[in-house]
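Below is one structure; the comments refer to it alone.
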Amino acid sequence: MSDHYYAPEHLKAFGSISEGAPELGKKFFEYYSAVFAPGALTEREKALIALAVAHTVQCPYCIDAYTTESLQKGADLEQMTEAVHVACAIRGGASLVHGMQMKEHAEKVGM
Amino acid sequence: MTISLPASTLSSRRAPLADPREQLARLEASTAGRASFQETLRAAGWPDLTPASLEIFQINLGKLCNMTCRHCHVDAGPDRSDAMMTREMVDACLRALDQTPAHTVDITGGAPELHPEFRYLADAAHARGKHVIDRCNLSVLLLPRNAGLAEWLADREVEVVASLPHYRQRSTDAQRGDGAFEKSIAALRLLNTVGYGHGNPRRILSLMTNPAGAFLAAPQSSAESEWKTALHRDFGITFDRLLALNNMPISRFLEWLIESDNLDSYMSRLIDGFNPVAVSGVMCRNTLSVSWDGRLFDCDFNQMLDLDAETAVGTMTIESFDFEQWQKRSVVTRTHCFGCTAGAGSSCGGSTT
């Protein structure tokens with residue numbers, strides 16, 4: 001057992017999560033593969049979306065995995081950094097737009 | 001990882017990795033405990049890697065190059081005039097070529113255009129009705145000594161296979177040196193001007209991309225359309241096809257892997273990425289590779305590792321070439337071969353699946 005959280009070797013062993021619920025694991029991983037297959041979006045576009053989302057959910061496994069994956073699908077550092085900024089802008093914007101609630105409430109209770 | 005390795009050849013630094021035996025030993029050590037390439041092939045239904053029809057006669061004219069790229073599997077550079085094919089050896093290649101059904105003569109180096117016999121060889125191969133490939137680093141076309149070379153190649157219908165890691169500057173310069181991208185763009189414009197890259201089968205311009213780091217090559221077909229869009233949008237450049245090649249963990253790329261502490265993870269990536277479907281299309285099955293000194297190899301990578309081809313009559317040279325015996329050999333494989341079977345597969349002709 002790992003003596004710290006977020007052990008890098010957990011990512012490689014991710015498939016073993018199915019041991020406790022094989023059917024659900026099978027369905028999840030099949031779904032996961034289907035999601036990332038080329039479709040209306042290219043694999044590269046999906047990898048960049050995943051990279052941005054990985055930063056939003058702050059998952060270190062996903063950040064490592066989709067950094068490599070984005071590179072392997074042909075993205076470069078500038079494109080990947082822009083993707084992370086998209087995540088950053090949405091996170092920041094989401095905080096800021098809640099300020100509208102603050103503003104309305106302040107206006108209601110204030111003089 | 002950004003590390004500052006000297007932009008010079010292993011050979012000039014007398015680095016231990018200049019010795020192919022040291023390279024092979026480092027690869028073996030990094031993959032200890034894993035199934036060997038031969039065992040992996042066997043498990044995939046290939047007890048022996050046997051040749052297919054010989055299609056490509058690849059001639060490496062030598063290691064002289066005007067560039068010193070960080071990933072070079074040849075350890076080529078401006079100081080490598082020690083390794084240059086003689087006219088006599090070029091003639092021996094042509095005599096051997098005439099024994100074979102190969103439809104393509106693939107001329108590589110180093111920068112083959114710097115070799116004094118380059119035009120002689122390309123002319124002779126073209127005169128024989130062969131499809132001729134020039135593996136070009138692009139910047140060499142801009143050298144004053146090569147003024148007019150692009151037109152010369154076009155006149156002989158030579159396919160230009162040009163190395164370009166990425167359609168954007170950062171990754172290209174990281175691998176090939178500062179300023180490489182700008183020169184590449186200028187050379188591509190020159191090639192477009194003389195008729196290359198516009199869909200004319202007599203003026204084929206192929207771009208070859210290999211990753212700028214310890215990861216696998218991009219999917220070739222989807223990357224091709226993206227590259228075409230981007231190069232046309234940003235620079236007005238057109239090309240015919242994109243070839244995606246994995247970096248082979250040898251020579252200067254091996255040095256970078258070791259120095260950046262990426263060797264073990266890269267080898268795991270190659271081994272874990274073994275794709276049995278990619279095996280049948282690997283280039284060693286349809287290629288003959290000749291070195292500057294007339295030795296014969298299953299591929300250019302084996303050539304750089306001094307892994308001579310093995311035939312029933314022993315080691316053959318271009319002067320003692322016997323096509324029938326050549327076709328009966330088994331391909332020599334080692335750990336580096338995982339580089340050609342990972343992911344979508346990888347060869348001098350791009351992905352193999």
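Identifiers in the structure tokens: chain A, B, ... in order shown; residue index from 1 per chain; ligand index from 1 in order shown.
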With a distance cut-off of 12 Å and only C-alpha atoms, select the neighbouring residues of Lys12 in chain A, excluding the residue or stretch itself and same-chain residues fewer than 3 positions from it, and output the selection as number ranges by chain.
-> A: 7-9, 15-17, 61-62, 64-65; B: 265, 268-269, 272
Okay, now the selection with all heavy atoms, as a tab-separated table (two decimals), in the first residue's frame?
```tsv
chain	number	residue	atom	x	y	z
A	7	ALA	N	-0.29	8.26	-5.66
A	7	ALA	CA	0.90	7.51	-6.06
A	7	ALA	C	0.89	7.34	-7.58
A	7	ALA	O	-0.11	6.88	-8.14
A	7	ALA	CB	0.91	6.15	-5.38
A	8	PRO	N	1.99	7.70	-8.27
A	8	PRO	CA	2.00	7.63	-9.75
A	8	PRO	C	1.68	6.24	-10.28
A	8	PRO	O	1.05	6.11	-11.34
A	8	PRO	CB	3.43	8.03	-10.11
A	8	PRO	CG	3.92	8.83	-8.95
A	8	PRO	CD	3.24	8.26	-7.74
A	9	GLU	N	2.07	5.19	-9.55
A	9	GLU	CA	1.84	3.83	-10.07
A	9	GLU	C	0.33	3.48	-10.10
A	9	GLU	O	-0.07	2.53	-10.75
A	9	GLU	CB	2.62	2.78	-9.28
A	9	GLU	CG	2.35	2.74	-7.80
A	9	GLU	CD	3.27	3.68	-7.01
A	9	GLU	OE1	3.77	4.65	-7.60
A	9	GLU	OE2	3.44	3.44	-5.80
A	15	GLY	N	-6.80	-0.04	-14.33
A	15	GLY	CA	-7.71	-1.09	-14.79
A	15	GLY	C	-8.16	-2.02	-13.69
A	15	GLY	O	-9.27	-2.59	-13.74
A	16	SER	N	-7.33	-2.17	-12.65
A	16	SER	CA	-7.68	-3.12	-11.58
A	16	SER	C	-8.83	-2.61	-10.71
A	16	SER	O	-9.33	-3.34	-9.85
A	16	SER	CB	-6.45	-3.41	-10.71
A	16	SER	OG	-6.11	-2.27	-9.96
A	17	ILE	N	-9.26	-1.38	-10.94
A	17	ILE	CA	-10.41	-0.88	-10.19
A	17	ILE	C	-11.66	-1.72	-10.50
A	17	ILE	O	-12.63	-1.74	-9.74
A	17	ILE	CB	-10.67	0.62	-10.54
A	17	ILE	CG1	-11.56	1.29	-9.48
A	17	ILE	CG2	-11.27	0.79	-11.91
A	17	ILE	CD1	-10.89	1.48	-8.15
A	61	TYR	N	-3.29	12.55	-11.98
A	61	TYR	CA	-3.18	11.42	-12.92
A	61	TYR	C	-3.58	11.89	-14.32
A	61	TYR	O	-2.90	11.61	-15.31
A	61	TYR	CB	-4.13	10.28	-12.53
A	61	TYR	CG	-3.95	9.75	-11.13
A	61	TYR	CD1	-4.94	9.92	-10.18
A	61	TYR	CD2	-2.79	9.05	-10.78
A	61	TYR	CE1	-4.79	9.42	-8.90
A	61	TYR	CE2	-2.63	8.54	-9.50
A	61	TYR	CZ	-3.64	8.73	-8.56
A	61	TYR	OH	-3.50	8.23	-7.30
A	62	CYS	N	-4.71	12.58	-14.36
A	62	CYS	CA	-5.23	13.01	-15.67
A	62	CYS	C	-4.31	14.04	-16.31
A	62	CYS	O	-4.16	14.06	-17.54
A	62	CYS	CB	-6.63	13.61	-15.53
A	62	CYS	SG	-7.76	12.59	-14.57
A	64	ASP	N	-0.99	14.29	-16.04
A	64	ASP	CA	0.12	13.56	-16.66
A	64	ASP	C	-0.35	12.83	-17.91
A	64	ASP	O	0.27	12.90	-18.97
A	64	ASP	CB	0.71	12.53	-15.68
A	64	ASP	CG	1.72	13.15	-14.71
A	64	ASP	OD1	1.94	14.38	-14.81
A	64	ASP	OD2	2.27	12.42	-13.88
A	65	ALA	N	-1.44	12.11	-17.76
A	65	ALA	CA	-1.90	11.26	-18.87
A	65	ALA	C	-2.26	12.10	-20.09
A	65	ALA	O	-1.88	11.77	-21.22
A	65	ALA	CB	-3.11	10.44	-18.43
B	265	SER	N	11.02	5.22	-18.89
B	265	SER	CA	9.60	5.43	-19.18
B	265	SER	C	9.35	5.37	-20.70
B	265	SER	O	8.32	4.88	-21.15
B	265	SER	CB	9.09	6.75	-18.60
B	265	SER	OG	9.82	7.82	-19.14
B	268	SER	N	9.35	1.75	-21.69
B	268	SER	CA	8.08	1.15	-21.27
B	268	SER	C	6.96	1.55	-22.22
B	268	SER	O	6.10	0.74	-22.57
B	268	SER	CB	7.71	1.60	-19.85
B	268	SER	OG	8.60	1.03	-18.94
B	269	ARG	N	6.99	2.81	-22.64
B	269	ARG	CA	5.95	3.29	-23.55
B	269	ARG	C	6.00	2.51	-24.88
B	269	ARG	O	4.97	2.12	-25.43
B	269	ARG	CB	6.14	4.79	-23.81
B	269	ARG	CG	4.98	5.45	-24.50
B	269	ARG	CD	5.20	6.94	-24.70
B	269	ARG	NE	5.45	7.68	-23.48
B	269	ARG	CZ	4.53	7.97	-22.56
B	269	ARG	NH1	3.30	7.56	-22.73
B	269	ARG	NH2	4.87	8.66	-21.50
B	272	ASP	N	5.00	-1.27	-24.01
B	272	ASP	CA	3.56	-1.36	-23.71
B	272	ASP	C	2.72	-1.05	-24.94
B	272	ASP	O	1.58	-1.50	-25.05
B	272	ASP	CB	3.18	-0.40	-22.58
B	272	ASP	CG	3.85	-0.78	-21.25
B	272	ASP	OD1	4.32	-1.92	-21.14
B	272	ASP	OD2	3.92	0.09	-20.35
```
Please report as a list of chain:residue names which residues of chain B come no farther than 8 Å from chain A, using only C-alpha atoms.
->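 Interface list for chain B against chain A: B:His166, B:Arg168, B:Arg170, B:Ser171, B:Pro211, B:Phe215, B:Leu216, B:Ala217, B:Ala218, B:Pro219, B:Ser222, B:Ala223.
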Quick one: write out the picked residues with N, CA and C atoms as a CSV table (one decimal), in the first residue's frame?
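Saved as result01.csv:
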```
chain,number,residue,atom,x,y,z
B,166,HIS,N,7.2,19.7,-36.4
B,166,HIS,CA,5.9,20.3,-36.1
B,166,HIS,C,5.7,21.4,-37.1
B,168,ARG,N,4.6,24.1,-36.1
B,168,ARG,CA,4.8,25.4,-35.4
B,168,ARG,C,6.2,25.4,-34.9
B,170,ARG,N,8.0,26.3,-32.1
B,170,ARG,CA,8.6,25.9,-30.8
B,170,ARG,C,9.2,24.5,-30.8
B,171,SER,N,8.3,23.6,-31.2
B,171,SER,CA,8.8,22.2,-31.1
B,171,SER,C,9.8,21.9,-32.2
B,211,PRO,N,8.3,13.0,-33.1
B,211,PRO,CA,7.9,13.8,-31.8
B,211,PRO,C,9.2,14.5,-31.3
B,215,PHE,N,7.7,10.7,-26.4
B,215,PHE,CA,6.3,10.2,-26.6
B,215,PHE,C,6.2,9.7,-28.1
B,216,LEU,N,5.1,9.0,-28.4
B,216,LEU,CA,4.9,8.4,-29.7
B,216,LEU,C,4.4,9.5,-30.7
B,217,ALA,N,4.6,9.1,-32.0
B,217,ALA,CA,4.2,10.0,-33.1
B,217,ALA,C,2.7,10.1,-33.1
B,218,ALA,N,2.2,11.3,-33.6
B,218,ALA,CA,0.8,11.5,-33.8
B,218,ALA,C,0.2,10.6,-34.8
B,219,PRO,N,-1.1,10.4,-34.7
B,219,PRO,CA,-1.8,9.6,-35.8
B,219,PRO,C,-1.7,10.3,-37.1
B,222,SER,N,-5.0,11.8,-39.4
B,222,SER,CA,-5.7,13.0,-38.8
B,222,SER,C,-4.7,14.2,-38.7
B,223,ALA,N,-3.5,13.8,-38.4
B,223,ALA,CA,-2.5,14.9,-38.3
B,223,ALA,C,-2.2,15.5,-39.7
```
Which of chain A fall in helix (DSSP H, G or I), as JSON, numbers by chain | {"A": [9, 10, 11, 12, 14, 15, 16, 17, 18, 19, 20, 22, 23, 24, 25, 26, 27, 28, 29, 30, 31, 32, 33, 34, 35, 36, 43, 44, 45, 46, 47, 48, 49, 50, 51, 52, 53, 54, 55, 56, 60, 61, 62, 63, 64, 65, 66, 67, 68, 69, 70, 71, 72, 77, 78, 79, 80, 81, 82, 83, 84, 85, 86, 87, 88, 89, 90, 91, 92, 93, 94, 95, 96, 97, 98, 99, 100, 101, 102, 103, 104, 105, 106, 107, 108, 109]}
Can you list, as a short mmCIF file (atom, residue, chain, number, x, y, z; two decimals) with all heavy atoms, in the first residue's frame, every residue of range 30-271 of chain B that DSSP puts in strand (DSSP E or B)?
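Result file is selection-v7.cif:
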```
data_model
loop_
_atom_site.label_atom_id
_atom_site.label_comp_id
_atom_site.auth_asym_id
_atom_site.auth_seq_id
_atom_site.Cartn_x
_atom_site.Cartn_y
_atom_site.Cartn_z
N ILE B 56 12.36 -1.25 -51.56
CA ILE B 56 13.11 -0.01 -51.35
C ILE B 56 14.59 -0.30 -51.18
O ILE B 56 14.99 -1.09 -50.30
CB ILE B 56 12.56 0.73 -50.12
CG1 ILE B 56 11.09 1.09 -50.38
CG2 ILE B 56 13.38 1.98 -49.83
CD1 ILE B 56 10.31 1.45 -49.16
N PHE B 57 15.38 0.33 -52.01
CA PHE B 57 16.84 0.21 -51.95
C PHE B 57 17.34 1.51 -51.34
O PHE B 57 17.36 2.55 -52.00
CB PHE B 57 17.36 0.02 -53.38
CG PHE B 57 18.73 -0.56 -53.47
CD1 PHE B 57 18.91 -1.91 -53.79
CD2 PHE B 57 19.85 0.23 -53.26
CE1 PHE B 57 20.19 -2.46 -53.90
CE2 PHE B 57 21.12 -0.32 -53.36
CZ PHE B 57 21.29 -1.67 -53.68
N GLN B 58 17.67 1.45 -50.07
CA GLN B 58 18.02 2.69 -49.34
C GLN B 58 19.53 2.82 -49.22
O GLN B 58 20.20 1.92 -48.71
CB GLN B 58 17.38 2.69 -47.95
CG GLN B 58 17.55 4.03 -47.23
CD GLN B 58 16.80 4.07 -45.91
OE1 GLN B 58 17.05 3.27 -45.02
NE2 GLN B 58 15.87 5.01 -45.78
N ILE B 59 20.03 3.93 -49.69
CA ILE B 59 21.48 4.15 -49.70
C ILE B 59 21.80 5.32 -48.77
O ILE B 59 21.32 6.44 -48.97
CB ILE B 59 21.97 4.47 -51.12
CG1 ILE B 59 21.61 3.30 -52.06
CG2 ILE B 59 23.48 4.72 -51.14
CD1 ILE B 59 21.86 3.59 -53.53
N ASN B 60 22.59 5.04 -47.75
CA ASN B 60 23.04 6.10 -46.85
C ASN B 60 24.41 6.57 -47.32
O ASN B 60 25.40 5.86 -47.18
CB ASN B 60 23.09 5.59 -45.41
CG ASN B 60 23.29 6.73 -44.43
OD1 ASN B 60 24.15 7.60 -44.67
ND2 ASN B 60 22.52 6.77 -43.38
N GLY B 62 26.31 8.90 -46.21
CA GLY B 62 27.30 9.27 -45.19
C GLY B 62 26.70 10.12 -44.10
O GLY B 62 25.50 10.43 -44.11
N LEU B 64 27.73 13.24 -43.07
CA LEU B 64 27.93 14.68 -43.13
C LEU B 64 26.59 15.40 -43.21
O LEU B 64 25.73 15.03 -44.00
CB LEU B 64 28.78 15.04 -44.36
CG LEU B 64 29.11 16.52 -44.53
CD1 LEU B 64 30.01 17.03 -43.39
CD2 LEU B 64 29.78 16.77 -45.89
N GLY B 77 26.53 15.31 -38.53
CA GLY B 77 26.87 16.69 -38.21
C GLY B 77 27.92 17.23 -39.17
O GLY B 77 28.45 16.49 -40.01
N MET B 84 31.91 8.96 -45.75
CA MET B 84 31.35 9.39 -47.04
C MET B 84 31.54 8.28 -48.07
O MET B 84 32.64 7.76 -48.24
CB MET B 84 32.08 10.65 -47.55
CG MET B 84 32.04 11.83 -46.60
SD MET B 84 30.53 12.76 -46.77
CE MET B 84 30.97 13.85 -48.11
N THR B 104 12.06 1.62 -55.73
CA THR B 104 12.39 2.92 -55.15
C THR B 104 13.84 2.95 -54.67
O THR B 104 14.30 2.00 -54.02
CB THR B 104 11.45 3.22 -53.96
OG1 THR B 104 10.12 3.34 -54.46
CG2 THR B 104 11.84 4.49 -53.24
N VAL B 105 14.53 4.05 -54.99
CA VAL B 105 15.87 4.28 -54.44
C VAL B 105 15.74 5.43 -53.46
O VAL B 105 15.35 6.55 -53.84
CB VAL B 105 16.89 4.61 -55.55
CG1 VAL B 105 18.23 5.01 -54.94
CG2 VAL B 105 17.06 3.40 -56.46
N ASP B 106 16.03 5.14 -52.22
CA ASP B 106 15.82 6.08 -51.11
C ASP B 106 17.20 6.56 -50.67
O ASP B 106 17.99 5.79 -50.15
CB ASP B 106 15.10 5.29 -50.00
CG ASP B 106 14.71 6.13 -48.81
OD1 ASP B 106 15.35 7.18 -48.59
OD2 ASP B 106 13.79 5.72 -48.09
N ILE B 107 17.48 7.84 -50.93
CA ILE B 107 18.83 8.36 -50.66
C ILE B 107 18.80 9.16 -49.36
O ILE B 107 18.04 10.12 -49.21
CB ILE B 107 19.32 9.25 -51.81
CG1 ILE B 107 19.17 8.51 -53.15
CG2 ILE B 107 20.78 9.64 -51.59
CD1 ILE B 107 19.53 9.35 -54.37
N THR B 108 19.65 8.74 -48.43
CA THR B 108 19.64 9.37 -47.12
C THR B 108 21.05 9.65 -46.64
O THR B 108 22.02 9.41 -47.33
CB THR B 108 18.81 8.50 -46.13
OG1 THR B 108 18.66 9.20 -44.90
CG2 THR B 108 19.47 7.16 -45.87
N HIS B 131 11.78 5.18 -58.79
CA HIS B 131 11.27 6.32 -58.02
C HIS B 131 12.38 6.70 -57.04
O HIS B 131 12.87 5.85 -56.29
CB HIS B 131 10.01 5.90 -57.26
CG HIS B 131 9.46 6.97 -56.38
ND1 HIS B 131 8.96 8.16 -56.87
CD2 HIS B 131 9.34 7.05 -55.04
CE1 HIS B 131 8.56 8.91 -55.87
NE2 HIS B 131 8.78 8.27 -54.75
N VAL B 132 12.80 7.95 -57.07
CA VAL B 132 13.94 8.37 -56.24
C VAL B 132 13.43 9.25 -55.10
O VAL B 132 12.62 10.16 -55.32
CB VAL B 132 14.98 9.14 -57.08
CG1 VAL B 132 16.17 9.55 -56.20
CG2 VAL B 132 15.46 8.29 -58.26
N ILE B 133 13.90 8.95 -53.90
CA ILE B 133 13.54 9.74 -52.71
C ILE B 133 14.80 10.44 -52.19
O ILE B 133 15.85 9.81 -52.05
CB ILE B 133 12.96 8.84 -51.60
CG1 ILE B 133 11.57 8.34 -52.00
CG2 ILE B 133 12.90 9.58 -50.26
CD1 ILE B 133 10.97 7.35 -50.99
N ASP B 134 14.65 11.73 -51.94
CA ASP B 134 15.72 12.48 -51.26
C ASP B 134 15.23 12.79 -49.86
O ASP B 134 14.26 13.53 -49.68
CB ASP B 134 15.99 13.79 -52.04
CG ASP B 134 16.90 14.74 -51.26
OD1 ASP B 134 17.70 14.27 -50.43
OD2 ASP B 134 16.80 15.97 -51.50
N ARG B 135 15.91 12.23 -48.85
CA ARG B 135 15.55 12.54 -47.44
C ARG B 135 16.28 13.82 -47.07
O ARG B 135 17.48 13.84 -46.87
CB ARG B 135 15.92 11.38 -46.52
CG ARG B 135 15.08 10.18 -46.84
CD ARG B 135 14.93 9.18 -45.74
NE ARG B 135 14.01 8.16 -46.21
CZ ARG B 135 12.70 8.13 -45.95
NH1 ARG B 135 12.16 9.01 -45.15
NH2 ARG B 135 11.93 7.19 -46.47
N CYS B 136 15.50 14.88 -46.97
CA CYS B 136 16.04 16.24 -46.98
C CYS B 136 15.76 16.94 -45.65
O CYS B 136 14.66 16.84 -45.11
CB CYS B 136 15.34 16.99 -48.13
SG CYS B 136 15.82 18.69 -48.30
N GLU B 159 11.18 12.52 -55.36
CA GLU B 159 10.30 12.83 -54.22
C GLU B 159 11.15 13.40 -53.10
O GLU B 159 12.17 12.81 -52.72
CB GLU B 159 9.58 11.58 -53.72
CG GLU B 159 8.72 11.86 -52.48
CD GLU B 159 8.01 10.62 -51.93
OE1 GLU B 159 8.09 9.55 -52.55
OE2 GLU B 159 7.40 10.75 -50.85
N VAL B 160 10.73 14.54 -52.58
CA VAL B 160 11.44 15.12 -51.43
C VAL B 160 10.68 14.73 -50.17
O VAL B 160 9.50 15.03 -50.02
CB VAL B 160 11.54 16.66 -51.55
CG1 VAL B 160 12.16 17.26 -50.30
CG2 VAL B 160 12.35 17.04 -52.79
N VAL B 161 11.38 14.00 -49.29
CA VAL B 161 10.81 13.66 -47.98
C VAL B 161 11.53 14.55 -46.97
O VAL B 161 12.71 14.35 -46.67
CB VAL B 161 11.00 12.18 -47.63
CG1 VAL B 161 10.48 11.88 -46.23
CG2 VAL B 161 10.27 11.30 -48.65
N ALA B 162 10.83 15.56 -46.52
CA ALA B 162 11.47 16.62 -45.73
C ALA B 162 11.13 16.49 -44.25
O ALA B 162 9.97 16.31 -43.89
CB ALA B 162 10.99 17.98 -46.24
N SER B 163 12.14 16.58 -43.43
CA SER B 163 11.93 16.48 -41.98
C SER B 163 11.39 17.78 -41.43
O SER B 163 11.96 18.85 -41.66
CB SER B 163 13.25 16.17 -41.28
OG SER B 163 13.75 14.95 -41.72
N LEU B 205 5.96 16.15 -52.54
CA LEU B 205 6.59 16.70 -51.34
C LEU B 205 5.93 16.05 -50.12
O LEU B 205 4.76 16.27 -49.84
CB LEU B 205 6.40 18.23 -51.28
CG LEU B 205 6.87 18.90 -49.98
CD1 LEU B 205 8.35 18.63 -49.71
CD2 LEU B 205 6.63 20.42 -50.06
N SER B 206 6.72 15.22 -49.44
CA SER B 206 6.22 14.57 -48.21
C SER B 206 6.91 15.22 -47.03
O SER B 206 8.11 15.53 -47.09
CB SER B 206 6.57 13.07 -48.23
OG SER B 206 6.00 12.46 -49.36
N LEU B 207 6.17 15.40 -45.98
CA LEU B 207 6.77 15.90 -44.74
C LEU B 207 6.85 14.76 -43.75
O LEU B 207 5.91 13.95 -43.65
CB LEU B 207 5.95 17.05 -44.15
CG LEU B 207 5.83 18.31 -45.01
CD1 LEU B 207 5.12 19.41 -44.24
CD2 LEU B 207 7.21 18.79 -45.48
N MET B 208 7.95 14.71 -43.04
CA MET B 208 8.13 13.65 -42.06
C MET B 208 8.20 14.28 -40.68
O MET B 208 9.05 15.13 -40.41
CB MET B 208 9.40 12.88 -42.37
CG MET B 208 9.73 11.85 -41.33
SD MET B 208 10.58 10.44 -42.05
CE MET B 208 9.24 9.31 -42.32
N THR B 209 7.27 13.89 -39.82
CA THR B 209 7.26 14.44 -38.46
C THR B 209 7.65 13.36 -37.46
O THR B 209 7.24 12.21 -37.58
CB THR B 209 5.87 14.99 -38.07
OG1 THR B 209 5.86 15.32 -36.67
CG2 THR B 209 4.75 13.98 -38.32
N ARG B 241 1.82 14.77 -48.56
CA ARG B 241 1.45 13.78 -47.53
C ARG B 241 2.35 13.94 -46.31
O ARG B 241 3.48 14.43 -46.41
CB ARG B 241 1.54 12.35 -48.08
CG ARG B 241 2.91 11.98 -48.57
CD ARG B 241 2.95 10.56 -49.11
NE ARG B 241 4.34 10.22 -49.45
CZ ARG B 241 4.87 9.03 -49.34
NH1 ARG B 241 4.17 8.03 -48.86
NH2 ARG B 241 6.13 8.81 -49.67
N LEU B 242 1.82 13.50 -45.21
CA LEU B 242 2.56 13.57 -43.94
C LEU B 242 2.92 12.15 -43.52
O LEU B 242 2.08 11.24 -43.58
CB LEU B 242 1.70 14.22 -42.85
CG LEU B 242 2.39 14.39 -41.50
CD1 LEU B 242 3.46 15.48 -41.55
CD2 LEU B 242 1.38 14.72 -40.40
N LEU B 243 4.16 11.95 -43.13
CA LEU B 243 4.61 10.67 -42.60
C LEU B 243 4.97 10.87 -41.13
O LEU B 243 5.68 11.81 -40.79
CB LEU B 243 5.85 10.18 -43.36
CG LEU B 243 5.76 10.18 -44.89
CD1 LEU B 243 7.10 9.79 -45.51
CD2 LEU B 243 4.67 9.21 -45.34
N ALA B 244 4.44 10.00 -40.28
CA ALA B 244 4.70 10.13 -38.84
C ALA B 244 5.63 8.99 -38.39
O ALA B 244 5.36 7.82 -38.66
CB ALA B 244 3.40 10.08 -38.06
#
```
Which residues come within 7 Å of range 54-59 of chain A, counting only C-alpha atoms, excluding same-chain residues fewer than 3 positions away, as an MDAnalysis selection string?
-> chainID A and resid 50:51 62:63 84 87
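The space between CA of Phe181 in chain B and CA of Glu224 in chain B spans 18.1 Å.
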